[in-house]
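Chemist: Sharing work_29.csv (CSV, C-alpha atoms) below.
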```
chain,number,residue,atom,x,y,z
Z,1,MET,CA,-23.3,-9.6,-3.7
Z,2,LEU,CA,-24.3,-6.0,-4.4
Z,3,SER,CA,-26.7,-5.4,-7.3
Z,4,LYS,CA,-24.3,-2.7,-8.6
Z,5,PRO,CA,-20.6,-2.9,-7.8
Z,6,LEU,CA,-19.0,0.0,-5.9
Z,7,THR,CA,-16.5,2.1,-7.8
Z,8,VAL,CA,-12.9,2.0,-6.7
Z,9,GLY,CA,-10.8,5.2,-6.7
Z,10,ILE,CA,-7.0,5.0,-6.8
Z,11,ILE,CA,-5.0,7.9,-5.5
Z,12,GLY,CA,-2.2,7.6,-8.1
Z,13,GLY,CA,1.0,9.4,-8.8
Z,14,ILE,CA,2.7,8.1,-5.7
Z,15,GLY,CA,4.2,6.7,-7.9
Z,16,PRO,CA,2.5,6.5,-11.2
Z,17,GLU,CA,3.7,3.0,-12.3
Z,18,ALA,CA,2.6,1.6,-9.0
Z,19,ALA,CA,-0.9,3.0,-9.4
Z,20,ASN,CA,-1.1,1.5,-12.9
Z,21,ARG,CA,0.1,-1.8,-11.5
Z,22,LEU,CA,-2.7,-1.8,-8.9
Z,23,SER,CA,-5.2,-1.1,-11.6
Z,24,GLN,CA,-3.8,-4.1,-13.6
Z,25,LEU,CA,-3.9,-6.3,-10.5
Z,26,ILE,CA,-7.6,-5.5,-10.0
Z,27,VAL,CA,-8.2,-6.6,-13.6
Z,28,GLU,CA,-6.1,-9.8,-13.2
Z,29,LEU,CA,-7.6,-10.9,-9.9
Z,30,SER,CA,-11.2,-10.1,-10.7
Z,31,ASN,CA,-11.9,-13.6,-12.2
Z,32,ALA,CA,-14.2,-11.9,-14.8
Z,33,SER,CA,-15.4,-13.8,-17.8
Z,34,SER,CA,-16.6,-10.7,-19.7
Z,35,ASP,CA,-16.1,-6.9,-19.8
Z,36,ARG,CA,-19.2,-6.3,-17.6
Z,37,GLU,CA,-18.0,-8.5,-14.8
Z,38,HIS,CA,-14.9,-6.4,-14.1
Z,39,ILE,CA,-14.7,-3.9,-11.3
Z,40,PRO,CA,-15.3,-0.2,-12.0
Z,41,VAL,CA,-12.0,1.7,-11.3
Z,42,ILE,CA,-11.1,5.4,-11.5
Z,43,CYS,CA,-7.4,6.2,-11.2
Z,44,PHE,CA,-6.0,9.7,-10.9
Z,45,ASN,CA,-2.3,9.7,-11.5
Z,46,ASN,CA,-1.4,13.0,-10.0
Z,47,PRO,CA,2.4,13.5,-10.3
Z,48,ASN,CA,2.2,16.8,-8.5
Z,49,ILE,CA,1.8,15.3,-5.1
Z,50,PRO,CA,5.0,16.3,-3.2
Z,51,SER,CA,7.5,13.7,-2.0
Z,52,ARG,CA,6.1,11.7,0.9
Z,53,VAL,CA,9.6,11.1,2.2
Z,54,ASP,CA,10.5,14.8,2.3
Z,55,SER,CA,7.1,15.6,3.7
Z,56,ILE,CA,7.3,13.1,6.6
Z,57,SER,CA,10.8,14.2,7.5
Z,58,GLY,CA,9.9,17.8,7.4
Z,59,ARG,CA,12.5,18.6,4.8
Z,60,GLY,CA,9.9,19.4,2.1
Z,61,GLU,CA,6.4,20.5,1.3
Z,62,ASN,CA,3.5,18.9,3.2
Z,63,CYS,CA,2.0,16.3,0.8
Z,64,LEU,CA,-1.4,16.0,2.7
Z,65,PRO,CA,-3.2,18.9,0.9
Z,66,ALA,CA,-2.4,17.3,-2.5
Z,67,LEU,CA,-3.5,13.9,-1.3
Z,68,VAL,CA,-6.8,15.4,-0.1
Z,69,GLU,CA,-7.2,17.3,-3.4
Z,70,THR,CA,-6.6,14.1,-5.4
Z,71,ALA,CA,-9.0,12.1,-3.2
Z,72,ARG,CA,-11.7,14.7,-3.5
Z,73,ALA,CA,-11.4,14.7,-7.3
Z,74,LEU,CA,-11.9,10.9,-7.3
Z,75,VAL,CA,-15.0,11.3,-5.1
Z,76,ARG,CA,-16.4,13.9,-7.5
Z,77,ALA,CA,-15.8,11.5,-10.4
Z,78,GLY,CA,-17.8,8.9,-8.7
Z,79,ALA,CA,-15.5,6.8,-6.5
Z,80,ASN,CA,-17.3,5.0,-3.6
Z,81,PHE,CA,-14.1,4.1,-1.7
Z,82,LEU,CA,-10.4,4.8,-2.2
Z,83,LEU,CA,-7.1,3.0,-2.3
Z,84,MET,CA,-3.7,4.6,-1.8
Z,85,PRO,CA,-0.8,2.6,-3.4
Z,86,CYS,CA,2.0,4.1,-1.4
Z,87,ASN,CA,3.0,2.6,2.0
Z,88,CYS,CA,4.6,5.6,3.5
Z,89,ALA,CA,1.7,7.8,2.5
Z,90,HIS,CA,-0.4,5.8,5.0
Z,91,PHE,CA,1.3,8.0,7.6
Z,92,TYR,CA,-1.3,10.5,6.6
Z,93,LEU,CA,-4.2,8.1,6.4
Z,94,ARG,CA,-6.1,9.2,9.5
Z,95,ALA,CA,-5.8,12.9,8.5
Z,96,LEU,CA,-6.9,12.1,4.9
Z,97,ARG,CA,-9.9,10.2,6.1
Z,98,GLU,CA,-11.0,13.2,8.2
Z,99,GLU,CA,-11.1,15.4,5.0
Z,100,ILE,CA,-13.2,13.2,2.6
Z,101,SER,CA,-16.6,11.7,2.6
Z,102,VAL,CA,-15.9,8.1,1.5
Z,103,PRO,CA,-13.8,5.3,3.1
Z,104,VAL,CA,-10.1,4.8,2.4
Z,105,LEU,CA,-9.0,1.2,2.7
Z,106,ASP,CA,-5.9,0.7,4.9
Z,107,MET,CA,-3.4,-1.2,2.9
Z,108,ILE,CA,-1.0,-1.7,5.8
Z,109,HIS,CA,-3.5,-3.1,8.2
Z,110,GLU,CA,-5.0,-5.3,5.5
Z,111,THR,CA,-1.5,-6.7,4.8
Z,112,VAL,CA,-0.7,-7.3,8.5
Z,113,ASP,CA,-4.1,-9.0,9.0
Z,114,GLN,CA,-3.5,-11.2,5.9
Z,115,ILE,CA,0.0,-12.3,7.1
Z,116,VAL,CA,-1.2,-13.1,10.6
Z,117,GLU,CA,-3.9,-15.2,9.1
Z,118,ASP,CA,-1.8,-17.0,6.5
Z,119,PHE,CA,1.4,-17.4,8.6
Z,120,PRO,CA,0.0,-17.9,12.2
Z,121,GLY,CA,3.3,-19.2,13.5
Z,122,ALA,CA,5.5,-16.4,12.1
Z,123,LYS,CA,7.4,-14.4,14.8
Z,124,SER,CA,9.5,-12.2,12.5
Z,125,VAL,CA,8.5,-10.4,9.3
Z,126,GLY,CA,11.2,-8.7,7.2
Z,127,LEU,CA,10.4,-5.2,6.0
Z,128,LEU,CA,11.8,-3.9,2.7
Z,129,ALA,CA,10.5,-0.3,2.9
Z,130,SER,CA,11.5,3.3,2.5
Z,131,SER,CA,13.0,4.9,5.6
Z,132,PRO,CA,9.9,6.9,6.7
Z,133,THR,CA,7.8,3.7,6.7
Z,134,LEU,CA,10.3,2.1,9.0
Z,135,GLU,CA,10.9,5.1,11.2
Z,136,THR,CA,7.2,5.8,11.8
Z,137,GLY,CA,6.4,2.2,12.7
Z,138,LEU,CA,3.7,1.9,10.1
Z,139,TYR,CA,4.2,-1.9,10.0
Z,140,SER,CA,6.0,-2.6,13.2
Z,141,ARG,CA,3.3,-1.1,15.4
Z,142,PRO,CA,0.4,-3.2,14.1
Z,143,PHE,CA,2.6,-6.3,14.0
Z,144,SER,CA,3.6,-5.8,17.7
Z,145,LYS,CA,0.0,-6.2,18.7
Z,146,TRP,CA,0.2,-9.8,17.4
Z,147,GLY,CA,3.6,-10.4,19.0
Z,148,VAL,CA,5.3,-10.3,15.7
Z,149,GLU,CA,8.6,-8.6,15.1
Z,150,GLY,CA,9.0,-6.2,12.2
Z,151,LEU,CA,12.6,-6.8,11.1
Z,152,ALA,CA,14.3,-3.9,9.4
Z,153,PRO,CA,17.6,-3.8,7.4
Z,154,ASN,CA,20.7,-2.4,9.1
Z,155,GLU,CA,21.9,1.1,8.3
Z,156,ILE,CA,24.1,0.1,5.3
Z,157,GLU,CA,21.4,-2.2,3.9
Z,158,GLN,CA,18.8,0.5,4.2
Z,159,GLN,CA,20.9,2.8,2.2
Z,160,LEU,CA,20.9,0.2,-0.6
Z,161,VAL,CA,17.1,0.0,-0.3
Z,162,MET,CA,16.6,3.8,-0.6
Z,163,SER,CA,19.0,3.8,-3.5
Z,164,ALA,CA,17.1,1.0,-5.2
Z,165,ILE,CA,13.9,3.1,-4.9
Z,166,TYR,CA,15.0,6.7,-5.4
Z,167,GLY,CA,18.6,6.6,-6.8
Z,168,PRO,CA,19.6,7.5,-10.4
Z,169,ASP,CA,19.7,3.7,-11.2
Z,170,GLY,CA,16.6,3.1,-9.1
Z,171,ILE,CA,13.1,2.0,-9.8
Z,172,LYS,CA,11.5,5.5,-9.9
Z,173,ALA,CA,14.1,6.3,-12.5
Z,174,GLY,CA,12.8,3.4,-14.6
Z,175,LYS,CA,16.0,1.3,-14.0
Z,176,LYS,CA,15.2,-1.9,-12.3
Z,177,GLU,CA,18.0,-4.5,-12.9
Z,178,THR,CA,20.5,-3.3,-10.3
Z,179,ALA,CA,17.8,-2.2,-7.9
Z,180,THR,CA,16.3,-5.7,-8.0
Z,181,GLU,CA,19.7,-7.3,-7.3
Z,182,ASN,CA,20.3,-5.0,-4.3
Z,183,LEU,CA,16.9,-5.6,-2.9
Z,184,VAL,CA,17.4,-9.4,-3.2
Z,185,VAL,CA,20.7,-9.0,-1.3
Z,186,VAL,CA,19.0,-7.1,1.5
Z,187,GLY,CA,16.1,-9.5,1.5
Z,188,ASN,CA,18.3,-12.5,1.9
Z,189,SER,CA,20.1,-10.8,4.8
Z,190,LEU,CA,16.7,-10.3,6.5
Z,191,VAL,CA,16.0,-14.0,6.0
Z,192,LYS,CA,19.4,-15.0,7.5
Z,193,ARG,CA,18.5,-12.9,10.5
Z,194,GLY,CA,15.3,-14.8,11.0
Z,195,ALA,CA,12.6,-13.3,8.8
Z,196,GLU,CA,10.0,-15.9,8.0
Z,197,VAL,CA,8.1,-13.7,5.6
Z,198,VAL,CA,9.3,-10.5,3.8
Z,199,ILE,CA,7.0,-7.6,2.8
Z,200,ALA,CA,7.6,-5.6,-0.3
Z,201,ALA,CA,6.6,-2.6,1.9
Z,202,CYS,CA,7.1,0.0,-0.8
Z,203,THR,CA,5.0,-0.1,-3.9
Z,204,GLU,CA,8.1,0.5,-6.1
Z,205,ILE,CA,9.6,-2.6,-4.6
Z,206,SER,CA,6.3,-4.4,-5.5
Z,207,LEU,CA,7.1,-3.7,-9.1
Z,208,VAL,CA,10.3,-5.8,-9.1
Z,209,LEU,CA,10.1,-8.5,-6.5
Z,210,GLU,CA,8.0,-11.6,-7.0
Z,211,ARG,CA,6.6,-13.9,-4.3
Z,212,ASP,CA,9.4,-16.4,-4.9
Z,213,SER,CA,12.3,-13.9,-5.2
Z,214,LEU,CA,13.6,-14.9,-1.8
Z,215,PRO,CA,13.8,-18.2,0.1
Z,216,VAL,CA,10.7,-17.2,2.1
Z,217,PRO,CA,7.4,-15.8,0.7
Z,218,VAL,CA,7.5,-12.2,-0.4
Z,219,ILE,CA,4.1,-10.5,0.3
Z,220,ASP,CA,3.0,-7.7,-2.0
Z,221,PRO,CA,0.6,-5.3,-0.2
Z,222,MET,CA,-0.8,-4.1,-3.5
Z,223,ARG,CA,-1.9,-7.6,-4.3
Z,224,VAL,CA,-3.5,-7.8,-0.8
Z,225,ILE,CA,-5.4,-4.5,-1.3
Z,226,ALA,CA,-6.4,-5.3,-4.8
Z,227,LYS,CA,-8.2,-8.5,-3.6
Z,228,SER,CA,-9.8,-6.5,-0.8
Z,229,ALA,CA,-11.0,-3.9,-3.2
Z,230,ILE,CA,-12.5,-6.5,-5.5
Z,231,ASN,CA,-14.4,-8.0,-2.6
Z,232,CYS,CA,-15.6,-4.6,-1.3
Z,233,SER,CA,-16.7,-3.5,-4.7
Z,234,ARG,CA,-18.8,-6.6,-5.2
Z,235,ASN,CA,-20.0,-7.3,-1.7
Z,236,GLY,CA,-19.6,-4.1,0.2
Z,237,LEU,CA,-17.3,-3.5,3.1
Z,238,SER,CA,-16.8,-6.3,5.6
Z,239,GLN,CA,-17.9,-5.7,9.2
Z,240,SER,CA,-14.4,-5.1,10.4
Z,241,GLN,CA,-13.6,-2.7,7.5
Z,242,SER,CA,-17.0,-1.0,8.0
Z,243,GLY,CA,-16.2,-0.4,11.7
Z,244,ARG,CA,-12.8,1.1,10.9
Z,245,LEU,CA,-13.9,3.0,7.8
Z,246,ILE,CA,-17.4,4.2,8.5
Z,247,GLN,CA,-16.2,5.8,11.8
Z,248,SER,CA,-13.8,7.9,9.7
Z,249,VAL,CA,-16.6,8.8,7.3
Z,250,ARG,CA,-18.8,10.0,10.2
Z,251,ARG,CA,-16.0,12.2,11.5
Z,252,SER,CA,-15.7,13.8,8.1
Z,253,THR,CA,-19.3,14.5,7.2
Z,254,GLY,CA,-18.8,18.2,7.7
Z,255,ALA,CA,-15.6,18.3,5.6
Z,256,GLY,CA,-17.2,18.0,2.2
Z,257,VAL,CA,-15.7,15.8,-0.5
```
The structure given in the file should be rewritten as structure tokens.
Modeler:
Amino acid sequence: MLSKPLTVGIIGGIGPEAANRLSQLIVELSNASSDREHIPVICFNNPNIPSRVDSISGRGENCLPALVETARALVRAGANFLLMPCNCAHFYLRALREEISVPVLDMIHETVDQIVEDFPGAKSVGLLASSPTLETGLYSRPFSKWGVEGLAPNEIEQQLVMSAIYGPDGIKAGKKETATENLVVVGNSLVKRGAEVVIAACTEISLVLERDSLPVPVIDPMRVIAKSAINCSRNGLSQSQSGRLIQSVRRSTGAGV
């Protein structure tokens, strides 16, 4: 254990409630018996980061500069490593790492590794995610290296998922009841098609689905990365994380914070 815990920085605002939930998960999972045993966390909820969906599709403003600006502000404030509670924003992870001087944990790879470890016989994992996350293969590519299929909703079901996240009666609008019902319908369809595990692969979906919301386990990447962040804060980066993350830090030494 480190003599002084490392400070976690959360790139928030993508969306704000998800960032707050990640902060809360770090508190809940820290197993602390006093204030001083908790993990130091800095969260910058920057709602001015452009839409990741529109950015990835090319229909809107590039969100990378705002992600970099937010990350650098966290570094200046004292963060030793960063978390990004938005699955589709991980499309920009490599580029972001090249622009800052501290590591950024990879929520997607951490989640894939955890599922492969916890469910070694699983051959099909359902993906409840925004369309850019599916279309760019953020989960399906790392799963394929383990011989695991990333099972996506069909076209009509995906419209329900996107409406549940972004629609006028969706989670980002603060209306969760109908959104939750539709996500459960799509999740059950994935299970019927063979999904042995389902990932809440959008942090808005993580706000409404529980582990037991479906007949198979629902995995929350924010819970996975919260546990990883606690361990990194108290014990430093693991060897595998250090190999992945320190390499990116070395690439960015000339880029400032």
Chemist: Nearest residue to Z:Asp118 out of Z:Pro50, Z:Tyr166, Z:Pro217, Z:Tyr92, using all atoms listed in the file?
Modeler: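 Counting all atoms listed in the file, the residue closest to Z:Asp118 is Z:Pro217.
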Chemist: Given only C-alpha atoms as the basis, pick out the residue of Z:Ser30, Z:Ser206, Z:Ser189, Z:Thr133 nearest to Z:Ser228.
Modeler: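 Nearest to Z:Ser228: Z:Ser30.
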Chemist: Name the residues in contact with Z:Leu67 at a cut-off of 12 Å, using all atoms listed in the file, excluding same-chain residues fewer than 2 positions from it; report them as number ranges by chain.
Modeler: Z: 10-14, 44-52, 55, 62-65, 69-74, 82-86, 89-93, 95-97, 99-100, 104
Chemist: From the set Z:Thr111, Z:Ser233, Z:Ser124, Z:Gln158, which residue has the shortest atom-to-atom contact distance to Z:Val216, counting all atoms listed in the file?
Modeler: Z:Ser124
Chemist: Give the answer as one residue: which of Z:Ser3, Z:Asn154, Z:Thr203, Z:Thr180 has the shortest atom-to-atom distance to Z:Met107, using only C-alpha atoms?
Modeler: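 Nearest candidate to Z:Met107 out of Z:Ser3, Z:Asn154, Z:Thr203, Z:Thr180: Z:Thr203.
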Chemist: Check the smallest atom-to-atom distance from each of Z:Gly187, Z:Asn87, Z:Arg234, Z:Glu37 to Z:Thr136 using all atoms listed in the file, then report the winner.
Modeler: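 Between Z:Gly187, Z:Asn87, Z:Arg234, Z:Glu37, the residue approaching Z:Thr136 most closely is Z:Asn87.
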Chemist: Could you list, as a PyMOL selection string, every residue within 12 Å of Z:Gly121, counting all atoms listed in the file and ignoring same-chain residues fewer than 4 positions away?
Modeler: chain Z and resi 115-117+125+146-149+195-197
Chemist: With 6 Å added on each side, what axis-aligned box encloses every listed atom of stretch 42-52 of chain Z? Give the centre and edge lengths in Å to one decimal, as JSON.
Modeler:
```
{"center_x": -1.8, "center_y": 11.1, "center_z": -5.3, "size_x": 30.6, "size_y": 23.4, "size_z": 24.4}
```
Chemist: How many Å lie between atom CA of Z:Ser131 and atom CA of Z:Val161, rounded to one decimal?
Modeler: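 These atoms are spaced 8.7 Å apart.
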Chemist: For Z:Ile171, which residue among Z:Ile205, Z:Gly194, Z:Gly150, Z:Lys123 is the nearest when counting all atoms listed in the file?
Modeler: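 Closest candidate: Z:Ile205.
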Chemist: So how many Å separate atom CA of Z:Val186 and atom CA of Z:Val208, to one decimal?
Modeler: 13.8 Å
Chemist: Rounded to one decimal, what separation in Å do you get between atom CA of Z:Ile42 and atom CA of Z:Ala201?
Modeler: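 Separation of atom CA of Z:Ile42 and atom CA of Z:Ala201: 23.6 Å.
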Chemist: Could you pull out every residue with an atom within 8 Å of (9.7, -12.0, 0.1), file coordinates, counting only C-alpha atoms, and send them as a ChimeraX atom specification?
Modeler: /Z:126,187,197-200,209-219
Chemist: Is it possible to add all heavy atoms to stretch 190-201 of chain Z and hand it back as a short mmCIF file (atom, residue, chain, number, x, y, z; two decimals), keeping the file's coordinate frame?
Modeler:
```
data_model
loop_
_atom_site.label_atom_id
_atom_site.label_comp_id
_atom_site.auth_asym_id
_atom_site.auth_seq_id
_atom_site.Cartn_x
_atom_site.Cartn_y
_atom_site.Cartn_z
N LEU Z 190 17.81 -10.28 5.56
CA LEU Z 190 16.70 -10.30 6.50
C LEU Z 190 16.32 -11.78 6.83
O LEU Z 190 16.03 -12.14 7.98
CB LEU Z 190 15.50 -9.57 5.99
CG LEU Z 190 15.67 -8.04 5.86
CD1 LEU Z 190 14.45 -7.45 5.17
CD2 LEU Z 190 15.86 -7.40 7.23
N VAL Z 191 16.33 -12.61 5.78
CA VAL Z 191 16.00 -14.00 6.00
C VAL Z 191 17.03 -14.70 6.88
O VAL Z 191 16.69 -15.46 7.80
CB VAL Z 191 15.90 -14.75 4.62
CG1 VAL Z 191 15.70 -16.26 4.81
CG2 VAL Z 191 14.74 -14.18 3.80
N LYS Z 192 18.30 -14.39 6.65
CA LYS Z 192 19.40 -15.00 7.50
C LYS Z 192 19.25 -14.55 8.94
O LYS Z 192 19.64 -15.28 9.85
CB LYS Z 192 20.74 -14.58 6.92
CG LYS Z 192 21.08 -15.25 5.60
CD LYS Z 192 22.43 -14.77 5.07
CE LYS Z 192 22.76 -15.42 3.73
NZ LYS Z 192 24.05 -14.92 3.17
N ARG Z 193 18.68 -13.36 9.15
CA ARG Z 193 18.50 -12.90 10.50
C ARG Z 193 17.21 -13.36 11.16
O ARG Z 193 16.93 -13.02 12.30
CB ARG Z 193 18.52 -11.34 10.50
CG ARG Z 193 19.91 -10.75 10.21
CD ARG Z 193 19.84 -9.27 9.90
NE ARG Z 193 19.12 -8.54 10.94
CZ ARG Z 193 18.60 -7.32 10.74
NH1 ARG Z 193 18.73 -6.73 9.54
NH2 ARG Z 193 17.97 -6.71 11.71
N GLY Z 194 16.44 -14.15 10.41
CA GLY Z 194 15.30 -14.80 11.00
C GLY Z 194 13.93 -14.43 10.44
O GLY Z 194 12.90 -14.94 10.92
N ALA Z 195 13.86 -13.60 9.40
CA ALA Z 195 12.60 -13.30 8.80
C ALA Z 195 11.95 -14.51 8.17
O ALA Z 195 12.59 -15.19 7.37
CB ALA Z 195 12.74 -12.17 7.75
N GLU Z 196 10.72 -14.78 8.55
CA GLU Z 196 10.00 -15.90 8.00
C GLU Z 196 9.12 -15.56 6.82
O GLU Z 196 8.67 -16.41 6.06
CB GLU Z 196 9.15 -16.55 9.12
CG GLU Z 196 9.97 -17.06 10.29
CD GLU Z 196 9.17 -17.14 11.57
OE1 GLU Z 196 8.55 -18.20 11.78
OE2 GLU Z 196 9.18 -16.16 12.34
N VAL Z 197 8.86 -14.29 6.68
CA VAL Z 197 8.10 -13.70 5.60
C VAL Z 197 8.74 -12.33 5.35
O VAL Z 197 9.23 -11.71 6.30
CB VAL Z 197 6.61 -13.52 5.95
CG1 VAL Z 197 5.84 -12.92 4.78
CG2 VAL Z 197 5.98 -14.82 6.38
N VAL Z 198 8.75 -11.86 4.11
CA VAL Z 198 9.30 -10.50 3.80
C VAL Z 198 8.17 -9.75 3.08
O VAL Z 198 7.53 -10.27 2.16
CB VAL Z 198 10.54 -10.57 2.97
CG1 VAL Z 198 10.95 -9.17 2.49
CG2 VAL Z 198 11.69 -11.20 3.76
N ILE Z 199 7.96 -8.51 3.50
CA ILE Z 199 7.00 -7.60 2.80
C ILE Z 199 7.68 -6.69 1.89
O ILE Z 199 8.65 -6.02 2.27
CB ILE Z 199 6.17 -6.82 3.86
CG1 ILE Z 199 5.49 -7.73 4.88
CG2 ILE Z 199 5.12 -5.97 3.14
CD1 ILE Z 199 4.76 -6.96 5.97
N ALA Z 200 7.20 -6.62 0.66
CA ALA Z 200 7.60 -5.60 -0.30
C ALA Z 200 6.87 -4.31 0.15
O ALA Z 200 5.85 -3.93 -0.45
CB ALA Z 200 7.31 -5.95 -1.70
N ALA Z 201 7.35 -3.66 1.21
CA ALA Z 201 6.60 -2.60 1.90
C ALA Z 201 6.81 -1.23 1.29
O ALA Z 201 6.72 -0.21 1.97
CB ALA Z 201 6.95 -2.60 3.37
#
```
